[in-house]
Amino acid sequence: MTMLQSRDNGGNNMAKFKPLDMKGTPIDDQFMSWNEMIKEPYDKETTDAYTKTRVILMNGIENNSVITSHAMARLIRDDEVKKQMAIIRRADSQHQETINWLNPASASVLETTVSYEQVAVDLTANLAKNEPDPYFKQVLDFALLEDFDHLYRYSNMMMLLEGKDATMITQNKTDIKPGRPTVVEHRHPVDEMRKHFDKETASLKSKMNNETIVSAEQQTMLFYRSHGYQYGDDLARKLYAEIAEIEEQHVSQYELVGDPNVTFLEKLTLLQLNEAYNYYSCAQTETDPRIKKIWERFCADEITHFNMCAQLLEKVEGRDVMDVLKQDSIEPLIVFEPNKDYVNDVLETQVNLQPYNMEFMDANKLPGGWLSYTYRERVNAGGVPSEDVIARAQSALAAPGGATTGE
Ligand SMILES: [Fe+2]
Ligand SMILES: [Fe+2]
Ligand SMILES: [Fe+2]
Ligand SMILES: [Fe+2]
């Protein structure tokens, strides 16, 4: 039995995460040398599409852990808490570099972008399928169709600029076709308001799903923000800006679904637990043995981070960690796998939905004064990159020699 397997021999052990039964790595043994930290990148030609999506997801999970901890450190007075946070944050910071540096330098920004949207589609679908809270599930399904459309727009951009077929990257595990058109995804900021669940009654799975999707969408937003200018092509530059703004909307809607009544320490505990849960999920499903070892090692690190937070909770707030968790296991695990039927089903029934007053309704039923109408008109005035890319790809296809201008 490996350290990561549950000690409970009843039932399906692999599909359940039982953090309280797991052994962590002592914190002093976690810091890595530069040589340990930075490993060989994966081979982009032979690596499974879902190994690439796990790398992208876990990079996002680590970045969120580090960024949130930094933001909180600015607002916390207790030196002991800040000390413990700094130690955990340094270990997570090193994790982030190990993981993001697994991406090969040979992948172009657009190739990586296609994988980012594949993460968004298949992660969101997996979370939605297993989300017990019906409202949160609706929020997930809603944004799923938008990221699904981004995959289609960016795939066409890549074909135009680099002559590469996006199905080589998705390995046909995820469909590439229109979703809710990006042109109608632009909404007034107040239309991204959402209701939040109640931490007292929400399941631990909902809390984990919330931390996971916020991390993933935030990572996507950060990636487009920091790389969208790297193309000389004006349409590509504008397409990245257009879609980065939708990711900003997605981060806004998802972060509001979590209960804002959690204390700082409760939030930190949930974040560290979610890191462990995601690494455990990755380790159980990883097909690349070298990368599986990284997931296993970091999972054991996260168990310690979680236990350190649990001790702080007890010391500072006088609370037992079970008061936060309310359950000692989380199931099922997060799995990257094809979700074509699920996505098609949501597409068929929900493509026309839009948010109004924190609920979703058919676009035909929206009131005339819906604030997003005016906002949309403003941002879409004078041309829409996500529409132009398709028009340009179609005319390139019709031209002699086809769409490719590269390779
Ligand atoms: Fe970490
Ligand atoms: Fe997206
Ligand atoms: Fe998104
Ligand atoms: Fe951590």
# chains A, B, ... in the order shown; residues from 1 in each chain; ligands from 1

$ residues_near_ligand --ligand "ligand 4" --cutoff "9 Å" --atoms "only C-alpha atoms and all ligand atoms" --output "list of chain:residue names"
A:Glu62, A:Ser65, A:Val66, A:Ile88, A:Arg89, A:Arg90, A:Ala91, A:Asp92, A:Ser93, A:His95, A:Leu271, A:Gln272, A:Leu273, A:Asn274, A:Glu275, A:Ala276, A:Phe298, A:Cys299, A:Asp301, A:Glu302, A:Ile303, A:Thr304, A:His305, A:Phe306

$ residues_around --residues "segment 287-297 of chain A" --least-positions-apart "5" --cutoff "10 Å" --atoms "only C-alpha atoms" --output "PyMOL selection string"
chain A and resi 2-4+24-25+30+42+47-48+50-51+54-55+58+95+98-99+102+276+278-282+302

$ residues_around --residues "Met85 of chain A" --least-positions-apart "3" --cutoff "9 Å" --atoms "only C-alpha atoms" --output "short mmCIF file (atom, residue, chain, number, x, y, z; two decimals) with N, CA, C and O atoms, in the first residue's frame"
data_model
loop_
_atom_site.label_atom_id
_atom_site.label_comp_id
_atom_site.auth_asym_id
_atom_site.auth_seq_id
_atom_site.Cartn_x
_atom_site.Cartn_y
_atom_site.Cartn_z
N SER A 69 -2.56 33.78 -0.43
CA SER A 69 -1.80 33.89 0.80
C SER A 69 -1.12 35.27 0.89
O SER A 69 -1.09 35.89 1.96
N HIS A 70 -0.60 35.73 -0.22
CA HIS A 70 0.00 37.08 -0.22
C HIS A 70 -1.04 38.15 0.10
O HIS A 70 -0.80 39.04 0.90
N ALA A 73 -1.89 38.01 3.74
CA ALA A 73 -0.80 38.41 4.64
C ALA A 73 -0.82 39.93 4.88
O ALA A 73 -0.39 40.41 5.92
N GLU A 80 2.38 34.99 14.45
CA GLU A 80 2.53 33.54 14.39
C GLU A 80 1.82 33.00 13.15
O GLU A 80 2.36 32.14 12.43
N VAL A 81 0.64 33.50 12.89
CA VAL A 81 -0.11 33.07 11.70
C VAL A 81 0.67 33.46 10.45
O VAL A 81 0.84 32.66 9.52
N LYS A 82 1.19 34.68 10.43
CA LYS A 82 1.93 35.14 9.24
C LYS A 82 3.18 34.30 8.99
O LYS A 82 3.54 34.05 7.84
N ILE A 88 4.43 27.96 4.48
CA ILE A 88 3.60 27.20 3.52
C ILE A 88 3.69 27.82 2.12
O ILE A 88 3.83 27.13 1.11
N ARG A 89 3.64 29.14 2.09
CA ARG A 89 3.64 29.85 0.81
C ARG A 89 4.93 29.60 0.03
O ARG A 89 4.93 29.46 -1.18
N ARG A 90 6.06 29.51 0.75
CA ARG A 90 7.32 29.28 0.06
C ARG A 90 7.34 27.88 -0.58
O ARG A 90 7.78 27.71 -1.71
N LEU A 268 -7.78 29.54 4.38
CA LEU A 268 -6.44 28.96 4.17
C LEU A 268 -6.49 27.43 4.27
O LEU A 268 -5.86 26.72 3.48
N CYS A 309 -2.44 24.25 9.00
CA CYS A 309 -3.60 25.16 9.07
C CYS A 309 -4.58 24.68 10.14
O CYS A 309 -5.16 25.50 10.88
#

$ residues_near_ligand --ligand "ligand 3" --cutoff "9 Å" --atoms "only C-alpha atoms and all ligand atoms" --output "list in words"
Glu117, Ala120, Val121, Ala143, Leu144, Glu146, Asp147, Phe148, His150, Ala216, Glu217, Gln218, Thr220, Met221, Ile243, Ala244, Ile246, Glu247, Glu248, Gln249, His250 and Val251 of chain A

$ atom_distance --atom1 "atom CA of Gly179 of chain A" --atom2 "atom CA of Phe223 of chain A"
21.6 Å

$ closest_atom_pairs --of "segment 306-396 of chain A" --to "segment 157-175 of chain A" --cutoff "10 Å" --atoms "only C-alpha atoms" --output "CSV"
residue,atom,partner,partner_atom,distance
A:Phe336,CA,A:Lys173,CA,9.8
A:Glu337,CA,A:Lys173,CA,7.4
A:Pro338,CA,A:Lys173,CA,5.2
A:Asn339,CA,A:Thr174,CA,7.1
A:Lys340,CA,A:Thr174,CA,6.4
A:Asp341,CA,A:Asp175,CA,9.9
A:Val343,CA,A:Asp175,CA,8.9
A:Asn344,CA,A:Asp175,CA,9.2
A:Ser386,CA,A:Met157,CA,9.2
A:Asp388,CA,A:Met157,CA,9.9
A:Val389,CA,A:Met157,CA,6.2
A:Ile390,CA,A:Met157,CA,8.0
A:Arg392,CA,A:Leu160,CA,8.0
A:Ala393,CA,A:Leu160,CA,6.2
A:Gln394,CA,A:Leu160,CA,9.7
A:Ala396,CA,A:Leu160,CA,7.7

$ closest_residue --among "A:Tyr277, A:Trp101, A:Tyr231, A:Leu140" --to "ligand 1" --atoms "only C-alpha atoms and all ligand atoms"
A:Tyr277

$ residues_around --residues "segment 190-196 of chain A" --least-positions-apart "2" --cutoff "9 Å" --atoms "only C-alpha atoms" --output "VMD selection string"
chain A and resid 135 to 136 139 187 to 188 198 249 to 250 252 to 260 354 to 359 370 to 372

$ atom_distance --atom1 "atom CA of Leu353 of chain A" --atom2 "atom CA of Leu222 of chain A"
26.4 Å

$ atom_distance --atom1 "atom CA of Leu333 of chain A" --atom2 "atom CA of Leu270 of chain A"
16.0 Å

$ residues_around --residues "Val346 of chain A" --least-positions-apart "5" --cutoff "8 Å" --atoms "only C-alpha atoms" --output "list in words"
Asp141, Leu145 and Val351 of chain A

$ write_last_selection --atoms "N, CA and C atoms" --output "PDB file, in the first residue's frame"
ATOM      1  N   ASP A 141     -22.303  25.048 -15.548  1.00  0.00           N
ATOM      2  CA  ASP A 141     -22.801  24.734 -16.900  1.00  0.00           C
ATOM      3  C   ASP A 141     -22.846  25.989 -17.770  1.00  0.00           C
ATOM      4  N   LEU A 145     -20.163  26.580 -21.505  1.00  0.00           N
ATOM      5  CA  LEU A 145     -20.442  26.823 -22.924  1.00  0.00           C
ATOM      6  C   LEU A 145     -19.648  27.998 -23.475  1.00  0.00           C
ATOM      7  N   VAL A 351     -27.742  26.976 -24.445  1.00  0.00           N
ATOM      8  CA  VAL A 351     -26.891  27.927 -25.188  1.00  0.00           C
ATOM      9  C   VAL A 351     -27.449  29.348 -25.141  1.00  0.00           C
TER      10      VAL A 351
END

$ closest_residue --among "A:Thr374, A:Asn63, A:Ser115, A:Asn352" --to "ligand 2" --atoms "only C-alpha atoms and all ligand atoms"
A:Ser115

$ residues_around --residues "segment 106-110 of chain A" --least-positions-apart "2" --cutoff "8 Å" --atoms "only C-alpha atoms" --output "PyMOL selection string"
chain A and resi 44+103-104+112-114+154+157-158+227

$ residues_around --residues "Asn126 of chain A" --least-positions-apart "2" --cutoff "8 Å" --atoms "only C-alpha atoms" --output "list of chain:residue names"
A:Asp122, A:Leu123, A:Thr124, A:Ala128, A:Lys129, A:Asn130, A:Ile334, A:Val335, A:Phe336, A:Asn339

$ select_by_dssp --residues "segment 147-296 of chain A" --states "alpha helix (DSSP H)" --output "ChimeraX atom specification"
/A:147-162,167-170,204-227,234-257,264-285,289-296

$ closest_residue --among "A:Gln219, A:Asn209, A:Thr53, A:Gln96" --to "ligand 1" --atoms "only C-alpha atoms and all ligand atoms"
A:Gln96

$ closest_residue --among "A:Leu204, A:Met308, A:Met361, A:Leu151" --to "ligand 2" --atoms "only C-alpha atoms and all ligand atoms"
A:Leu151

$ decode --residues "segment 172-218 of chain A" --atoms "N, CA and C atoms" --output "PDB file, in the first residue's frame"
ATOM      1  N   ASN A 172      -8.525  14.900 -30.045  1.00  0.00           N
ATOM      2  CA  ASN A 172      -9.935  14.556 -30.294  1.00  0.00           C
ATOM      3  C   ASN A 172     -10.702  14.133 -29.040  1.00  0.00           C
ATOM      4  N   LYS A 173     -10.175  14.479 -27.890  1.00  0.00           N
ATOM      5  CA  LYS A 173     -10.881  14.101 -26.653  1.00  0.00           C
ATOM      6  C   LYS A 173     -11.948  15.126 -26.309  1.00  0.00           C
ATOM      7  N   THR A 174     -11.821  16.301 -26.915  1.00  0.00           N
ATOM      8  CA  THR A 174     -12.763  17.397 -26.663  1.00  0.00           C
ATOM      9  C   THR A 174     -13.204  17.930 -28.024  1.00  0.00           C
ATOM     10  N   ASP A 175     -14.510  18.137 -28.222  1.00  0.00           N
ATOM     11  CA  ASP A 175     -14.985  18.674 -29.503  1.00  0.00           C
ATOM     12  C   ASP A 175     -14.520  20.118 -29.678  1.00  0.00           C
ATOM     13  N   ILE A 176     -14.320  20.500 -30.943  1.00  0.00           N
ATOM     14  CA  ILE A 176     -13.992  21.897 -31.247  1.00  0.00           C
ATOM     15  C   ILE A 176     -15.064  22.424 -32.190  1.00  0.00           C
ATOM     16  N   LYS A 177     -15.990  23.180 -31.666  1.00  0.00           N
ATOM     17  CA  LYS A 177     -17.091  23.754 -32.459  1.00  0.00           C
ATOM     18  C   LYS A 177     -17.705  24.912 -31.670  1.00  0.00           C
ATOM     19  N   PRO A 178     -18.572  25.696 -32.292  1.00  0.00           N
ATOM     20  CA  PRO A 178     -19.111  26.860 -31.569  1.00  0.00           C
ATOM     21  C   PRO A 178     -19.899  26.476 -30.320  1.00  0.00           C
ATOM     22  N   GLY A 179     -19.811  27.316 -29.295  1.00  0.00           N
ATOM     23  CA  GLY A 179     -20.628  27.172 -28.087  1.00  0.00           C
ATOM     24  C   GLY A 179     -21.546  28.377 -27.993  1.00  0.00           C
ATOM     25  N   ARG A 180     -21.640  28.993 -26.791  1.00  0.00           N
ATOM     26  CA  ARG A 180     -22.335  30.285 -26.736  1.00  0.00           C
ATOM     27  C   ARG A 180     -21.370  31.276 -27.364  1.00  0.00           C
ATOM     28  N   PRO A 181     -21.797  31.952 -28.451  1.00  0.00           N
ATOM     29  CA  PRO A 181     -20.819  32.775 -29.173  1.00  0.00           C
ATOM     30  C   PRO A 181     -20.173  33.838 -28.277  1.00  0.00           C
ATOM     31  N   THR A 182     -18.854  33.943 -28.373  1.00  0.00           N
ATOM     32  CA  THR A 182     -18.117  34.885 -27.524  1.00  0.00           C
ATOM     33  C   THR A 182     -18.678  36.309 -27.640  1.00  0.00           C
ATOM     34  N   VAL A 183     -19.154  36.665 -28.834  1.00  0.00           N
ATOM     35  CA  VAL A 183     -19.693  38.023 -29.052  1.00  0.00           C
ATOM     36  C   VAL A 183     -20.825  38.357 -28.073  1.00  0.00           C
ATOM     37  N   VAL A 184     -21.604  37.355 -27.619  1.00  0.00           N
ATOM     38  CA  VAL A 184     -22.692  37.642 -26.666  1.00  0.00           C
ATOM     39  C   VAL A 184     -22.319  37.293 -25.218  1.00  0.00           C
ATOM     40  N   GLU A 185     -21.042  36.990 -24.984  1.00  0.00           N
ATOM     41  CA  GLU A 185     -20.615  36.678 -23.615  1.00  0.00           C
ATOM     42  C   GLU A 185     -20.255  37.941 -22.824  1.00  0.00           C
ATOM     43  N   HIS A 186     -20.119  39.045 -23.540  1.00  0.00           N
ATOM     44  CA  HIS A 186     -19.695  40.282 -22.857  1.00  0.00           C
ATOM     45  C   HIS A 186     -20.854  40.872 -22.077  1.00  0.00           C
ATOM     46  N   ARG A 187     -20.666  41.010 -20.774  1.00  0.00           N
ATOM     47  CA  ARG A 187     -21.752  41.464 -19.906  1.00  0.00           C
ATOM     48  C   ARG A 187     -21.287  42.584 -18.983  1.00  0.00           C
ATOM     49  N   HIS A 188     -22.237  43.414 -18.606  1.00  0.00           N
ATOM     50  CA  HIS A 188     -21.984  44.461 -17.621  1.00  0.00           C
ATOM     51  C   HIS A 188     -21.500  43.798 -16.320  1.00  0.00           C
ATOM     52  N   PRO A 189     -20.545  44.414 -15.630  1.00  0.00           N
ATOM     53  CA  PRO A 189     -20.011  43.787 -14.403  1.00  0.00           C
ATOM     54  C   PRO A 189     -21.086  43.331 -13.411  1.00  0.00           C
ATOM     55  N   VAL A 190     -22.166  44.073 -13.271  1.00  0.00           N
ATOM     56  CA  VAL A 190     -23.149  43.673 -12.248  1.00  0.00           C
ATOM     57  C   VAL A 190     -23.892  42.396 -12.649  1.00  0.00           C
ATOM     58  N   ASP A 191     -23.861  42.055 -13.925  1.00  0.00           N
ATOM     59  CA  ASP A 191     -24.508  40.802 -14.338  1.00  0.00           C
ATOM     60  C   ASP A 191     -23.647  39.574 -14.040  1.00  0.00           C
ATOM     61  N   GLU A 192     -22.460  39.796 -13.477  1.00  0.00           N
ATOM     62  CA  GLU A 192     -21.659  38.655 -13.000  1.00  0.00           C
ATOM     63  C   GLU A 192     -21.877  38.414 -11.502  1.00  0.00           C
ATOM     64  N   MET A 193     -22.806  39.130 -10.903  1.00  0.00           N
ATOM     65  CA  MET A 193     -23.151  38.873  -9.493  1.00  0.00           C
ATOM     66  C   MET A 193     -23.810  37.497  -9.389  1.00  0.00           C
ATOM     67  N   ARG A 194     -23.415  36.744  -8.352  1.00  0.00           N
ATOM     68  CA  ARG A 194     -24.019  35.419  -8.127  1.00  0.00           C
ATOM     69  C   ARG A 194     -24.341  35.258  -6.648  1.00  0.00           C
ATOM     70  N   LYS A 195     -25.245  34.332  -6.349  1.00  0.00           N
ATOM     71  CA  LYS A 195     -25.555  34.006  -4.951  1.00  0.00           C
ATOM     72  C   LYS A 195     -24.459  33.091  -4.408  1.00  0.00           C
ATOM     73  N   HIS A 196     -24.274  33.090  -3.089  1.00  0.00           N
ATOM     74  CA  HIS A 196     -23.260  32.194  -2.527  1.00  0.00           C
ATOM     75  C   HIS A 196     -23.906  31.072  -1.728  1.00  0.00           C
ATOM     76  N   PHE A 197     -23.183  29.953  -1.671  1.00  0.00           N
ATOM     77  CA  PHE A 197     -23.688  28.862  -0.829  1.00  0.00           C
ATOM     78  C   PHE A 197     -23.391  29.165   0.636  1.00  0.00           C
ATOM     79  N   ASP A 198     -23.946  28.356   1.525  1.00  0.00           N
ATOM     80  CA  ASP A 198     -23.801  28.546   2.966  1.00  0.00           C
ATOM     81  C   ASP A 198     -22.795  27.524   3.477  1.00  0.00           C
ATOM     82  N   LYS A 199     -21.712  28.008   4.103  1.00  0.00           N
ATOM     83  CA  LYS A 199     -20.647  27.093   4.533  1.00  0.00           C
ATOM     84  C   LYS A 199     -21.123  26.068   5.552  1.00  0.00           C
ATOM     85  N   GLU A 200     -22.218  26.389   6.251  1.00  0.00           N
ATOM     86  CA  GLU A 200     -22.714  25.448   7.265  1.00  0.00           C
ATOM     87  C   GLU A 200     -23.418  24.255   6.626  1.00  0.00           C
ATOM     88  N   THR A 201     -24.036  24.481   5.471  1.00  0.00           N
ATOM     89  CA  THR A 201     -24.817  23.399   4.854  1.00  0.00           C
ATOM     90  C   THR A 201     -24.191  22.863   3.564  1.00  0.00           C
ATOM     91  N   ALA A 202     -23.286  23.616   2.942  1.00  0.00           N
ATOM     92  CA  ALA A 202     -22.675  23.162   1.680  1.00  0.00           C
ATOM     93  C   ALA A 202     -21.806  21.934   1.938  1.00  0.00           C
ATOM     94  N   SER A 203     -21.763  21.042   0.970  1.00  0.00           N
ATOM     95  CA  SER A 203     -20.906  19.864   1.136  1.00  0.00           C
ATOM     96  C   SER A 203     -19.446  20.265   0.921  1.00  0.00           C
ATOM     97  N   LEU A 204     -18.559  19.446   1.456  1.00  0.00           N
ATOM     98  CA  LEU A 204     -17.129  19.717   1.290  1.00  0.00           C
ATOM     99  C   LEU A 204     -16.755  19.666  -0.197  1.00  0.00           C
ATOM    100  N   LYS A 205     -17.431  18.832  -0.956  1.00  0.00           N
ATOM    101  CA  LYS A 205     -17.171  18.745  -2.404  1.00  0.00           C
ATOM    102  C   LYS A 205     -17.470  20.094  -3.080  1.00  0.00           C
ATOM    103  N   SER A 206     -18.559  20.743  -2.692  1.00  0.00           N
ATOM    104  CA  SER A 206     -18.877  22.061  -3.272  1.00  0.00           C
ATOM    105  C   SER A 206     -17.772  23.062  -2.939  1.00  0.00           C
ATOM    106  N   LYS A 207     -17.278  23.019  -1.705  1.00  0.00           N
ATOM    107  CA  LYS A 207     -16.218  23.958  -1.311  1.00  0.00           C
ATOM    108  C   LYS A 207     -14.945  23.704  -2.120  1.00  0.00           C
ATOM    109  N   MET A 208     -14.631  22.432  -2.343  1.00  0.00           N
ATOM    110  CA  MET A 208     -13.446  22.088  -3.142  1.00  0.00           C
ATOM    111  C   MET A 208     -13.668  22.504  -4.602  1.00  0.00           C
ATOM    112  N   ASN A 209     -14.849  22.224  -5.129  1.00  0.00           N
ATOM    113  CA  ASN A 209     -15.145  22.613  -6.519  1.00  0.00           C
ATOM    114  C   ASN A 209     -14.987  24.118  -6.691  1.00  0.00           C
ATOM    115  N   ASN A 210     -15.413  24.863  -5.682  1.00  0.00           N
ATOM    116  CA  ASN A 210     -15.322  26.316  -5.780  1.00  0.00           C
ATOM    117  C   ASN A 210     -13.870  26.780  -5.823  1.00  0.00           C
ATOM    118  N   GLU A 211     -13.042  26.269  -4.911  1.00  0.00           N
ATOM    119  CA  GLU A 211     -11.626  26.666  -4.914  1.00  0.00           C
ATOM    120  C   GLU A 211     -10.956  26.231  -6.227  1.00  0.00           C
ATOM    121  N   THR A 212     -11.318  25.059  -6.715  1.00  0.00           N
ATOM    122  CA  THR A 212     -10.689  24.537  -7.937  1.00  0.00           C
ATOM    123  C   THR A 212     -11.026  25.396  -9.147  1.00  0.00           C
ATOM    124  N   ILE A 213     -12.304  25.711  -9.316  1.00  0.00           N
ATOM    125  CA  ILE A 213     -12.687  26.438 -10.530  1.00  0.00           C
ATOM    126  C   ILE A 213     -12.213  27.898 -10.474  1.00  0.00           C
ATOM    127  N   VAL A 214     -12.203  28.491  -9.289  1.00  0.00           N
ATOM    128  CA  VAL A 214     -11.677  29.866  -9.174  1.00  0.00           C
ATOM    129  C   VAL A 214     -10.197  29.869  -9.566  1.00  0.00           C
ATOM    130  N   SER A 215      -9.448  28.877  -9.071  1.00  0.00           N
ATOM    131  CA  SER A 215      -8.011  28.807  -9.400  1.00  0.00           C
ATOM    132  C   SER A 215      -7.796  28.638 -10.896  1.00  0.00           C
ATOM    133  N   ALA A 216      -8.579  27.755 -11.508  1.00  0.00           N
ATOM    134  CA  ALA A 216      -8.390  27.456 -12.933  1.00  0.00           C
ATOM    135  C   ALA A 216      -8.743  28.654 -13.804  1.00  0.00           C
ATOM    136  N   GLU A 217      -9.846  29.316 -13.489  1.00  0.00           N
ATOM    137  CA  GLU A 217     -10.263  30.469 -14.305  1.00  0.00           C
ATOM    138  C   GLU A 217      -9.319  31.644 -14.095  1.00  0.00           C
ATOM    139  N   GLN A 218      -8.859  31.817 -12.858  1.00  0.00           N
ATOM    140  CA  GLN A 218      -7.901  32.887 -12.575  1.00  0.00           C
ATOM    141  C   GLN A 218      -6.606  32.653 -13.358  1.00  0.00           C
TER     142      GLN A 218
END
